Number of protein chains: 2
Amino acid sequence: MKIENLTITGGTHGNELTGVYLVKQWQNDPTPIKRETFKTDVVLMNEEAIKNCTRYIDRDLNRCFDTFTLTKSPANYEERLAQKLNSTLGPKSSESPNSDFIVDLHSTTSNMGLSIVVSNESDLTWMAISYLKQKDPRVRVYKWKGDEEDAFVDSIAKHGFAIEVGAIPQGVLRSDLFFDTQKLVYHLLDFIDHYNKGFSMALESVEYFEHEILIDYPRDSQGNIVAMVHEDRQDRDFDLIVKGEPIFRKFDGEEIYYEGESLHTLFINEAAYYEKGFAMTLARKALRVL
Amino acid sequence: MKIENLTITGGTHGNELTGVYLVKQWQNDPTPIKRETFKTDVVLMNEEAIKNCTRYIDRDLNRCFDTFTLTKSPANYEERLAQKLNSTLGPKSSESPNSDFIVDLHSTTSNMGLSIVVSNESDLTWMAISYLKQKDPRVRVYKWKGDEEDAFVDSIAKHGFAIEVGAIPQGVLRSDLFFDTQKLVYHLLDFIDHYNKGFSMALESVEYFEHEILIDYPRDSQGNIVAMVHEDRQDRDFDLIVKGEPIFRKFDGEEIYYEGESLHTLFINEAAYYEKGFAMTLARKALRVL
């Protein structure tokens, strides 16, 4: 099945400016995102949050695309918005949604470099990822494995993922990561075009990091944080952590050591995750055979 | 004149967590901030903004301590708060304010390292800064020279400055900068104690960076940003910029070159300054003779 429509979404989180300004730039001049064999759309997702330069108004939009939230009576701004976006980009789970492939642009305060967050199992999605890793070997892949049905923006379409770049503070543009993200999107568009044209592409199996555990900050009985990410662990996204290594530092200076099995640390000290209750996630290296 | 009361203020900006959590830690255990010859208080400044993890609710609190704002009928939350804080810590310009020395704790998304922002001319303030630079040679000093009367928190007292550390995203704690800031405060408290006791201290003249110019992002006629800080200038706070060097990169890739005299770039790409309209500030190296 050929891809007929691809959508680039930015500003799903209103304070992640890289995606916001990339989409605006392509709205002004769509020439670089045009390809022969399919139509590319760009969408600025959460315009109210973008105006306020906040992640969201009432609820994280990137957690609103599960079937329950998309079909219930909406309780707030983002739930209403998700249903509207689902009707223009989806609808989710339909045989012929309006968008065949969604790439959702994000940034993170964690030192995640050029990364892809994927929860989609489609072969085409993984072929695209393999192509991107060939084109830019810095690209690393995190497979999010939720217990519930996926609620990310890209889950509306049959194929897709999020691009997640960092470290970058909320409300800030970095020229290097702006153009790195832009280039990844252009590689993706080329891949889809080659795929539609039936080009033979020598794609290799994909090394990725499979989600295992969320780790919260140490807290007191009132829920207040009592420790920070240890200075030796800060910025070491995608690095291995082994038993006995320091993981947190309490405000009084005391160190806390990691006690679990050897895994890789991701999304270390992301600003938006303090309220969600995780200081980092742990993942296991794995291989997706193509 | 001896110092009788020193105040450590944190959370003047509610999303700068380093100061917020340092103050909370000292509220829980004030032992490390006690010294023989004076009283140390700690104040959590903008509690509503801290609750929301935003810089401010209605207006930047750290621009509300000019005499006009402190005496007019308050128009919003921060103006009311500034007047209240002025009555407990000040009042400003009185002969005997409740606080003799204020050190206000900030963080920045710019790569400012361990820095002090000062707008106070008192000899004691500069002696304290000289002592801190001796104790930690990484400390750099930026002298803010506004056209208007100073409106910073520390302007309430006769002596004081802000400690400004970075790079750190808003809403994030970094263990390294947390303890660096804490250590600077302890050095300050030691200095005041030595000063009160009449110890002889061999203090040297202070190299500092004197504010010259604010530089905004390039914008279109609607006020929208059309360029980012150039990737070669990003993170180079306190570095010299000379004519002909790249300073901005437009979204379409075009480079913009610096045209002015050789000066030092500070507060490069600070998140909170996008709305204030500056991409960086320029300063000239200078010497304060003690």
# chains A, B, ... in the order shown; residues from 1 in each chain; ligands from 1

call {"tool": "calpha_fit_rmsd", "arguments": {"fixed": "chain B", "moving": "chain A"}}
result
0.0 Å

call {"tool": "residues_around", "arguments": {"residues": "Asn62 in chain A", "least_positions_apart": "3", "cutoff": "10 Å", "atoms": "only C-alpha atoms", "output": "JSON, numbers by chain"}}
result
{"A": [12, 13, 55, 56, 59, 65, 66, 78, 82, 104, 150, 151, 152, 153, 154, 155]}

call {"tool": "residues_around", "arguments": {"residues": "Arg219 in chain A", "least_positions_apart": "4", "cutoff": "12 Å", "atoms": "only C-alpha atoms", "output": "PyMOL selection string"}}
result
chain A and resi 215+223-228+248+250-251+274+277-279

call {"tool": "residues_around", "arguments": {"residues": "Lys197 in chain A", "least_positions_apart": "3", "cutoff": "8 Å", "atoms": "only C-alpha atoms", "output": "NGL selection string"}}
result
:A and (37 or 193-194)

call {"tool": "write_last_selection", "arguments": {"atoms": "N, CA and C atoms", "output": "PDB file, in the first residue's frame"}}
result
ATOM      1  N   THR A  37       5.264  11.657  -5.034  1.00  0.00           N
ATOM      2  CA  THR A  37       4.309  10.541  -4.961  1.00  0.00           C
ATOM      3  C   THR A  37       3.278  10.627  -3.833  1.00  0.00           C
ATOM      4  N   ASP A 193       8.984   8.573  -0.456  1.00  0.00           N
ATOM      5  CA  ASP A 193       8.960   8.721  -1.911  1.00  0.00           C
ATOM      6  C   ASP A 193       9.607   7.508  -2.591  1.00  0.00           C
ATOM      7  N   HIS A 194      10.754   7.082  -2.082  1.00  0.00           N
ATOM      8  CA  HIS A 194      11.429   5.891  -2.633  1.00  0.00           C
ATOM      9  C   HIS A 194      10.542   4.661  -2.466  1.00  0.00           C
TER      10      HIS A 194
END

call {"tool": "closest_residue", "arguments": {"among": "A:Phe179, A:Tyr257, A:Phe161, A:Trp126", "to": "chain B", "atoms": "only C-alpha atoms"}}
result
A:Phe179

call {"tool": "closest_atom_pairs", "arguments": {"of": "chain B", "to": "chain A", "cutoff": "9 Å", "atoms": "only C-alpha atoms", "output": "Markdown table"}}
result
| residue | atom | partner | partner_atom | distance |
| --- | --- | --- | --- | --- |
| B:Tyr21 | CA | A:Phe251 | CA | 8.2 |
| B:Leu22 | CA | A:Phe251 | CA | 8.1 |
| B:Gln25 | CA | A:Phe251 | CA | 6.9 |
| B:Thr109 | CA | A:Pro169 | CA | 6.6 |
| B:Ile168 | CA | A:Pro169 | CA | 7.5 |
| B:Pro169 | CA | A:Pro169 | CA | 4.5 |
| B:Gln170 | CA | A:Pro169 | CA | 6.7 |
| B:Gly171 | CA | A:Ala271 | CA | 5.3 |
| B:Val172 | CA | A:Ala271 | CA | 5.3 |
| B:Leu173 | CA | A:Met228 | CA | 6.5 |
| B:Arg174 | CA | A:Met228 | CA | 6.8 |
| B:Ser175 | CA | A:Glu231 | CA | 5.4 |
| B:Asp176 | CA | A:Glu231 | CA | 5.7 |
| B:Phe178 | CA | A:Phe251 | CA | 8.6 |
| B:Phe179 | CA | A:Gly253 | CA | 8.5 |
| B:Ala227 | CA | A:Ser175 | CA | 8.7 |
| B:Met228 | CA | A:Ser175 | CA | 5.9 |
| B:Val229 | CA | A:Ser175 | CA | 6.6 |
| B:His230 | CA | A:Ser175 | CA | 6.2 |
| B:Glu231 | CA | A:Ser175 | CA | 5.4 |
| B:Gln234 | CA | A:Arg174 | CA | 7.7 |
| B:Phe248 | CA | A:Ser175 | CA | 8.8 |
| B:Arg249 | CA | A:Ser175 | CA | 7.0 |
| B:Lys250 | CA | A:Ser175 | CA | 8.9 |
| B:Phe251 | CA | A:Gln25 | CA | 6.9 |
| B:Asp252 | CA | A:Gln25 | CA | 7.8 |
| B:Gly253 | CA | A:Phe179 | CA | 8.5 |
| B:Asn269 | CA | A:Val172 | CA | 7.0 |
| B:Glu270 | CA | A:Val172 | CA | 7.3 |
| B:Ala271 | CA | A:Val172 | CA | 5.3 |
| B:Ala272 | CA | A:Gly171 | CA | 7.7 |
| B:Tyr274 | CA | A:Gly171 | CA | 8.2 |

call {"tool": "select_by_dssp", "arguments": {"residues": "range 88-166 of chain B", "states": "helix (DSSP H, G or I)", "output": "list in words"}}
result
Thr88, Leu89, Asp123, Leu124, Thr125, Trp126, Met127, Ala128, Ile129, Ser130, Tyr131, Leu132, Lys133, Gln134, Lys135, Val153, Asp154, Ser155 and Ile156 of chain B

call {"tool": "write_last_selection", "arguments": {"atoms": "C-alpha atoms", "output": "mmCIF file, in the first residue's frame"}}
result
data_model
loop_
_atom_site.group_PDB
_atom_site.id
_atom_site.type_symbol
_atom_site.label_atom_id
_atom_site.label_comp_id
_atom_site.auth_asym_id
_atom_site.auth_seq_id
_atom_site.Cartn_x
_atom_site.Cartn_y
_atom_site.Cartn_z
ATOM 1 C CA THR B 88 9.014 42.760 55.480
ATOM 2 C CA LEU B 89 12.519 42.987 53.952
ATOM 3 C CA ASP B 123 31.756 48.914 48.803
ATOM 4 C CA LEU B 124 30.666 46.031 50.968
ATOM 5 C CA THR B 125 28.805 44.430 48.038
ATOM 6 C CA TRP B 126 31.930 44.546 45.887
ATOM 7 C CA MET B 127 34.142 43.308 48.714
ATOM 8 C CA ALA B 128 31.817 40.331 49.064
ATOM 9 C CA ILE B 129 32.029 39.678 45.327
ATOM 10 C CA SER B 130 35.814 39.895 45.415
ATOM 11 C CA TYR B 131 35.868 37.352 48.249
ATOM 12 C CA LEU B 132 33.606 34.971 46.285
ATOM 13 C CA LYS B 133 35.823 35.222 43.214
ATOM 14 C CA GLN B 134 38.827 34.360 45.391
ATOM 15 C CA LYS B 135 37.042 31.355 46.842
ATOM 16 C CA VAL B 153 14.740 42.174 44.600
ATOM 17 C CA ASP B 154 18.172 42.897 46.086
ATOM 18 C CA SER B 155 17.664 46.636 45.556
ATOM 19 C CA ILE B 156 15.518 46.687 48.718
#

call {"tool": "atom_distance", "arguments": {"atom1": "CA of Leu81 in chain A", "atom2": "CA of Asn46 in chain A"}}
result
7.8 Å

call {"tool": "atom_distance", "arguments": {"atom1": "CA of Tyr217 in chain A", "atom2": "CA of Thr281 in chain A"}}
result
11.2 Å

call {"tool": "residues_around", "arguments": {"residues": "Lys158 in chain A", "least_positions_apart": "3", "cutoff": "10 Å", "atoms": "only C-alpha atoms", "output": "VMD selection string"}}
result
chain A and resid 90 92 to 97 99 to 102 120 to 122 124 to 125 154 to 155

call {"tool": "atom_distance", "arguments": {"atom1": "CA of His106 in chain A", "atom2": "CA of Thr40 in chain A"}}
result
18.4 Å

call {"tool": "select_by_dssp", "arguments": {"residues": "range 108-231 of chain B", "states": "strand (DSSP E)", "output": "ChimeraX atom specification"}}
result
/B:113-118,140-143,159-166,206-215,227-229

call {"tool": "write_last_selection", "arguments": {"atoms": "C-alpha atoms", "output": "PDB file, in the first residue's frame"}}
result
ATOM      1  CA  GLY B 113      28.129  29.192  34.630  1.00  0.00           C
ATOM      2  CA  LEU B 114      28.475  30.492  38.182  1.00  0.00           C
ATOM      3  CA  SER B 115      27.713  34.150  37.850  1.00  0.00           C
ATOM      4  CA  ILE B 116      26.761  37.150  39.915  1.00  0.00           C
ATOM      5  CA  VAL B 117      24.468  39.863  38.583  1.00  0.00           C
ATOM      6  CA  VAL B 118      25.058  43.082  40.445  1.00  0.00           C
ATOM      7  CA  ARG B 140      32.042  35.829  36.810  1.00  0.00           C
ATOM      8  CA  VAL B 141      30.343  39.133  37.418  1.00  0.00           C
ATOM      9  CA  TYR B 142      27.870  40.997  35.224  1.00  0.00           C
ATOM     10  CA  LYS B 143      27.094  44.558  36.158  1.00  0.00           C
ATOM     11  CA  HIS B 159      23.913  45.618  49.938  1.00  0.00           C
ATOM     12  CA  GLY B 160      23.370  42.610  47.764  1.00  0.00           C
ATOM     13  CA  PHE B 161      23.259  40.898  44.393  1.00  0.00           C
ATOM     14  CA  ALA B 162      21.765  37.992  42.532  1.00  0.00           C
ATOM     15  CA  ILE B 163      23.472  34.656  41.996  1.00  0.00           C
ATOM     16  CA  GLU B 164      22.642  33.421  38.505  1.00  0.00           C
ATOM     17  CA  VAL B 165      23.690  29.909  37.466  1.00  0.00           C
ATOM     18  CA  GLY B 166      23.311  28.022  34.214  1.00  0.00           C
ATOM     19  CA  VAL B 206      37.272  42.723  40.697  1.00  0.00           C
ATOM     20  CA  GLU B 207      37.141  42.026  36.976  1.00  0.00           C
ATOM     21  CA  TYR B 208      33.553  42.312  35.814  1.00  0.00           C
ATOM     22  CA  PHE B 209      31.466  42.670  32.662  1.00  0.00           C
ATOM     23  CA  GLU B 210      29.732  46.026  32.337  1.00  0.00           C
ATOM     24  CA  HIS B 211      26.401  46.018  30.517  1.00  0.00           C
ATOM     25  CA  GLU B 212      26.381  47.867  27.203  1.00  0.00           C
ATOM     26  CA  ILE B 213      23.586  46.765  24.849  1.00  0.00           C
ATOM     27  CA  LEU B 214      20.552  44.506  24.615  1.00  0.00           C
ATOM     28  CA  ILE B 215      20.259  42.658  21.288  1.00  0.00           C
ATOM     29  CA  ALA B 227      16.131  33.843  13.207  1.00  0.00           C
ATOM     30  CA  MET B 228      17.806  31.897  15.990  1.00  0.00           C
ATOM     31  CA  VAL B 229      21.056  32.485  17.809  1.00  0.00           C
TER      32      VAL B 229
END

call {"tool": "residues_around", "arguments": {"residues": "Ile241 in chain A", "least_positions_apart": "5", "cutoff": "10 Å", "atoms": "only C-alpha atoms", "output": "list in words"}}
result
Arg233, Arg236, Pro246, Ile247, Tyr258, Glu259, Gly260, Glu261, Ser262, Leu263, His264, Thr265 and Leu282 of chain A

call {"tool": "write_last_selection", "arguments": {"atoms": "N, CA, C and O atoms", "output": "mmCIF file, in the first residue's frame"}}
result
data_model
loop_
_atom_site.group_PDB
_atom_site.id
_atom_site.type_symbol
_atom_site.label_atom_id
_atom_site.label_comp_id
_atom_site.auth_asym_id
_atom_site.auth_seq_id
_atom_site.Cartn_x
_atom_site.Cartn_y
_atom_site.Cartn_z
ATOM 1 N N ARG A 233 25.070 10.937 36.792
ATOM 2 C CA ARG A 233 24.105 10.293 35.886
ATOM 3 C C ARG A 233 23.492 11.316 34.921
ATOM 4 O O ARG A 233 23.091 10.978 33.804
ATOM 5 N N ARG A 236 23.405 11.508 30.819
ATOM 6 C CA ARG A 236 23.880 10.230 30.270
ATOM 7 C C ARG A 236 22.728 9.403 29.718
ATOM 8 O O ARG A 236 22.591 8.209 30.017
ATOM 9 N N PRO A 246 25.860 5.490 41.479
ATOM 10 C CA PRO A 246 24.994 6.517 42.062
ATOM 11 C C PRO A 246 23.908 6.936 41.070
ATOM 12 O O PRO A 246 24.182 7.083 39.877
ATOM 13 N N ILE A 247 22.692 7.117 41.558
ATOM 14 C CA ILE A 247 21.582 7.510 40.678
ATOM 15 C C ILE A 247 20.922 8.793 41.150
ATOM 16 O O ILE A 247 20.532 9.623 40.334
ATOM 17 N N TYR A 258 21.959 2.834 42.615
ATOM 18 C CA TYR A 258 21.045 2.024 41.812
ATOM 19 C C TYR A 258 21.140 0.565 42.248
ATOM 20 O O TYR A 258 22.237 0.036 42.447
ATOM 21 N N GLU A 259 19.994 -0.072 42.371
ATOM 22 C CA GLU A 259 19.963 -1.429 42.928
ATOM 23 C C GLU A 259 19.521 -2.478 41.912
ATOM 24 O O GLU A 259 19.575 -3.670 42.197
ATOM 25 N N GLY A 260 19.040 -2.055 40.746
ATOM 26 C CA GLY A 260 18.416 -3.005 39.820
ATOM 27 C C GLY A 260 19.406 -3.667 38.866
ATOM 28 O O GLY A 260 20.625 -3.572 39.015
ATOM 29 N N GLU A 261 18.858 -4.314 37.858
ATOM 30 C CA GLU A 261 19.696 -4.965 36.842
ATOM 31 C C GLU A 261 20.262 -3.906 35.889
ATOM 32 O O GLU A 261 19.798 -2.778 35.833
ATOM 33 N N SER A 262 21.238 -4.277 35.116
ATOM 34 C CA SER A 262 21.875 -3.345 34.188
ATOM 35 C C SER A 262 20.915 -2.991 33.050
ATOM 36 O O SER A 262 20.470 -3.874 32.314
ATOM 37 N N LEU A 263 20.597 -1.706 32.932
ATOM 38 C CA LEU A 263 19.705 -1.229 31.870
ATOM 39 C C LEU A 263 20.212 0.141 31.406
ATOM 40 O O LEU A 263 21.171 0.675 31.968
ATOM 41 N N HIS A 264 19.545 0.711 30.407
ATOM 42 C CA HIS A 264 19.972 2.006 29.874
ATOM 43 C C HIS A 264 19.042 3.107 30.381
ATOM 44 O O HIS A 264 17.831 2.915 30.438
ATOM 45 N N THR A 265 19.634 4.256 30.718
ATOM 46 C CA THR A 265 18.849 5.367 31.277
ATOM 47 C C THR A 265 18.440 6.335 30.164
ATOM 48 O O THR A 265 19.273 6.780 29.370
ATOM 49 N N LEU A 282 14.021 3.469 32.212
ATOM 50 C CA LEU A 282 15.044 2.451 31.970
ATOM 51 C C LEU A 282 14.611 1.589 30.796
ATOM 52 O O LEU A 282 13.427 1.256 30.663
#

call {"tool": "closest_residue", "arguments": {"among": "A:Ile3, A:Leu189, A:Leu290, A:Ala157", "to": "Pro91 in chain A", "atoms": "only C-alpha atoms"}}
result
A:Ala157

call {"tool": "decode", "arguments": {"residues": "range 80-107 of chain B", "atoms": "N, CA and C atoms", "output": "PDB file, in the first residue's frame"}}
result
ATOM      1  N   ARG B  80       1.328  43.594  44.171  1.00  0.00           N
ATOM      2  CA  ARG B  80       0.915  43.484  45.587  1.00  0.00           C
ATOM      3  C   ARG B  80       1.986  42.767  46.395  1.00  0.00           C
ATOM      4  N   LEU B  81       2.498  41.656  45.817  1.00  0.00           N
ATOM      5  CA  LEU B  81       3.504  40.844  46.502  1.00  0.00           C
ATOM      6  C   LEU B  81       4.773  41.658  46.753  1.00  0.00           C
ATOM      7  N   ALA B  82       5.195  42.442  45.758  1.00  0.00           N
ATOM      8  CA  ALA B  82       6.413  43.251  45.903  1.00  0.00           C
ATOM      9  C   ALA B  82       6.254  44.235  47.062  1.00  0.00           C
ATOM     10  N   GLN B  83       5.079  44.831  47.179  1.00  0.00           N
ATOM     11  CA  GLN B  83       4.858  45.798  48.267  1.00  0.00           C
ATOM     12  C   GLN B  83       4.903  45.101  49.630  1.00  0.00           C
ATOM     13  N   LYS B  84       4.335  43.904  49.673  1.00  0.00           N
ATOM     14  CA  LYS B  84       4.352  43.128  50.919  1.00  0.00           C
ATOM     15  C   LYS B  84       5.800  42.749  51.278  1.00  0.00           C
ATOM     16  N   LEU B  85       6.537  42.245  50.287  1.00  0.00           N
ATOM     17  CA  LEU B  85       7.926  41.844  50.538  1.00  0.00           C
ATOM     18  C   LEU B  85       8.774  43.048  50.917  1.00  0.00           C
ATOM     19  N   ASN B  86       8.487  44.186  50.320  1.00  0.00           N
ATOM     20  CA  ASN B  86       9.226  45.405  50.649  1.00  0.00           C
ATOM     21  C   ASN B  86       8.997  45.807  52.105  1.00  0.00           C
ATOM     22  N   SER B  87       7.784  45.568  52.598  1.00  0.00           N
ATOM     23  CA  SER B  87       7.525  45.943  53.991  1.00  0.00           C
ATOM     24  C   SER B  87       8.195  44.970  54.956  1.00  0.00           C
ATOM     25  N   THR B  88       8.357  43.701  54.556  1.00  0.00           N
ATOM     26  CA  THR B  88       9.014  42.760  55.480  1.00  0.00           C
ATOM     27  C   THR B  88      10.541  42.807  55.357  1.00  0.00           C
ATOM     28  N   LEU B  89      11.061  42.993  54.147  1.00  0.00           N
ATOM     29  CA  LEU B  89      12.519  42.987  53.952  1.00  0.00           C
ATOM     30  C   LEU B  89      13.106  44.392  53.995  1.00  0.00           C
ATOM     31  N   GLY B  90      12.345  45.370  53.645  1.00  0.00           N
ATOM     32  CA  GLY B  90      12.832  46.737  53.543  1.00  0.00           C
ATOM     33  C   GLY B  90      12.365  47.564  54.719  1.00  0.00           C
ATOM     34  N   PRO B  91      11.742  48.707  54.529  1.00  0.00           N
ATOM     35  CA  PRO B  91      11.423  49.224  53.200  1.00  0.00           C
ATOM     36  C   PRO B  91      12.652  49.777  52.472  1.00  0.00           C
ATOM     37  N   LYS B  92      12.553  49.709  51.146  1.00  0.00           N
ATOM     38  CA  LYS B  92      13.614  50.197  50.276  1.00  0.00           C
ATOM     39  C   LYS B  92      13.949  51.657  50.585  1.00  0.00           C
ATOM     40  N   SER B  93      15.221  51.982  50.562  1.00  0.00           N
ATOM     41  CA  SER B  93      15.746  53.337  50.751  1.00  0.00           C
ATOM     42  C   SER B  93      15.630  53.852  52.179  1.00  0.00           C
ATOM     43  N   SER B  94      15.129  53.023  53.097  1.00  0.00           N
ATOM     44  CA  SER B  94      15.058  53.507  54.478  1.00  0.00           C
ATOM     45  C   SER B  94      16.458  53.462  55.079  1.00  0.00           C
ATOM     46  N   GLU B  95      16.662  54.216  56.164  1.00  0.00           N
ATOM     47  CA  GLU B  95      17.963  54.238  56.819  1.00  0.00           C
ATOM     48  C   GLU B  95      18.272  52.896  57.483  1.00  0.00           C
ATOM     49  N   SER B  96      17.233  52.231  57.964  1.00  0.00           N
ATOM     50  CA  SER B  96      17.459  50.943  58.642  1.00  0.00           C
ATOM     51  C   SER B  96      16.444  49.904  58.170  1.00  0.00           C
ATOM     52  N   PRO B  97      16.630  49.398  56.934  1.00  0.00           N
ATOM     53  CA  PRO B  97      15.725  48.360  56.444  1.00  0.00           C
ATOM     54  C   PRO B  97      15.877  47.078  57.273  1.00  0.00           C
ATOM     55  N   ASN B  98      14.859  46.248  57.238  1.00  0.00           N
ATOM     56  CA  ASN B  98      14.900  45.004  58.020  1.00  0.00           C
ATOM     57  C   ASN B  98      16.006  44.069  57.561  1.00  0.00           C
ATOM     58  N   SER B  99      16.361  44.150  56.278  1.00  0.00           N
ATOM     59  CA  SER B  99      17.450  43.323  55.788  1.00  0.00           C
ATOM     60  C   SER B  99      18.599  44.210  55.315  1.00  0.00           C
ATOM     61  N   ASP B 100      19.811  43.902  55.776  1.00  0.00           N
ATOM     62  CA  ASP B 100      20.975  44.707  55.390  1.00  0.00           C
ATOM     63  C   ASP B 100      21.603  44.214  54.093  1.00  0.00           C
ATOM     64  N   PHE B 101      21.447  42.923  53.831  1.00  0.00           N
ATOM     65  CA  PHE B 101      22.102  42.312  52.668  1.00  0.00           C
ATOM     66  C   PHE B 101      21.142  41.280  52.101  1.00  0.00           C
ATOM     67  N   ILE B 102      20.837  41.365  50.800  1.00  0.00           N
ATOM     68  CA  ILE B 102      19.965  40.369  50.164  1.00  0.00           C
ATOM     69  C   ILE B 102      20.735  39.654  49.067  1.00  0.00           C
ATOM     70  N   VAL B 103      20.736  38.330  49.117  1.00  0.00           N
ATOM     71  CA  VAL B 103      21.267  37.545  48.006  1.00  0.00           C
ATOM     72  C   VAL B 103      20.100  36.757  47.416  1.00  0.00           C
ATOM     73  N   ASP B 104      19.812  37.036  46.147  1.00  0.00           N
ATOM     74  CA  ASP B 104      18.628  36.501  45.469  1.00  0.00           C
ATOM     75  C   ASP B 104      19.086  35.398  44.502  1.00  0.00           C
ATOM     76  N   LEU B 105      18.522  34.193  44.645  1.00  0.00           N
ATOM     77  CA  LEU B 105      19.023  33.028  43.907  1.00  0.00           C
ATOM     78  C   LEU B 105      18.236  32.786  42.621  1.00  0.00           C
ATOM     79  N   HIS B 106      18.962  32.788  41.513  1.00  0.00           N
ATOM     80  CA  HIS B 106      18.353  32.594  40.192  1.00  0.00           C
ATOM     81  C   HIS B 106      19.066  31.498  39.424  1.00  0.00           C
ATOM     82  N   SER B 107      18.387  31.034  38.360  1.00  0.00           N
ATOM     83  CA  SER B 107      19.059  30.179  37.382  1.00  0.00           C
ATOM     84  C   SER B 107      18.653  30.656  35.998  1.00  0.00           C
TER      85      SER B 107
END
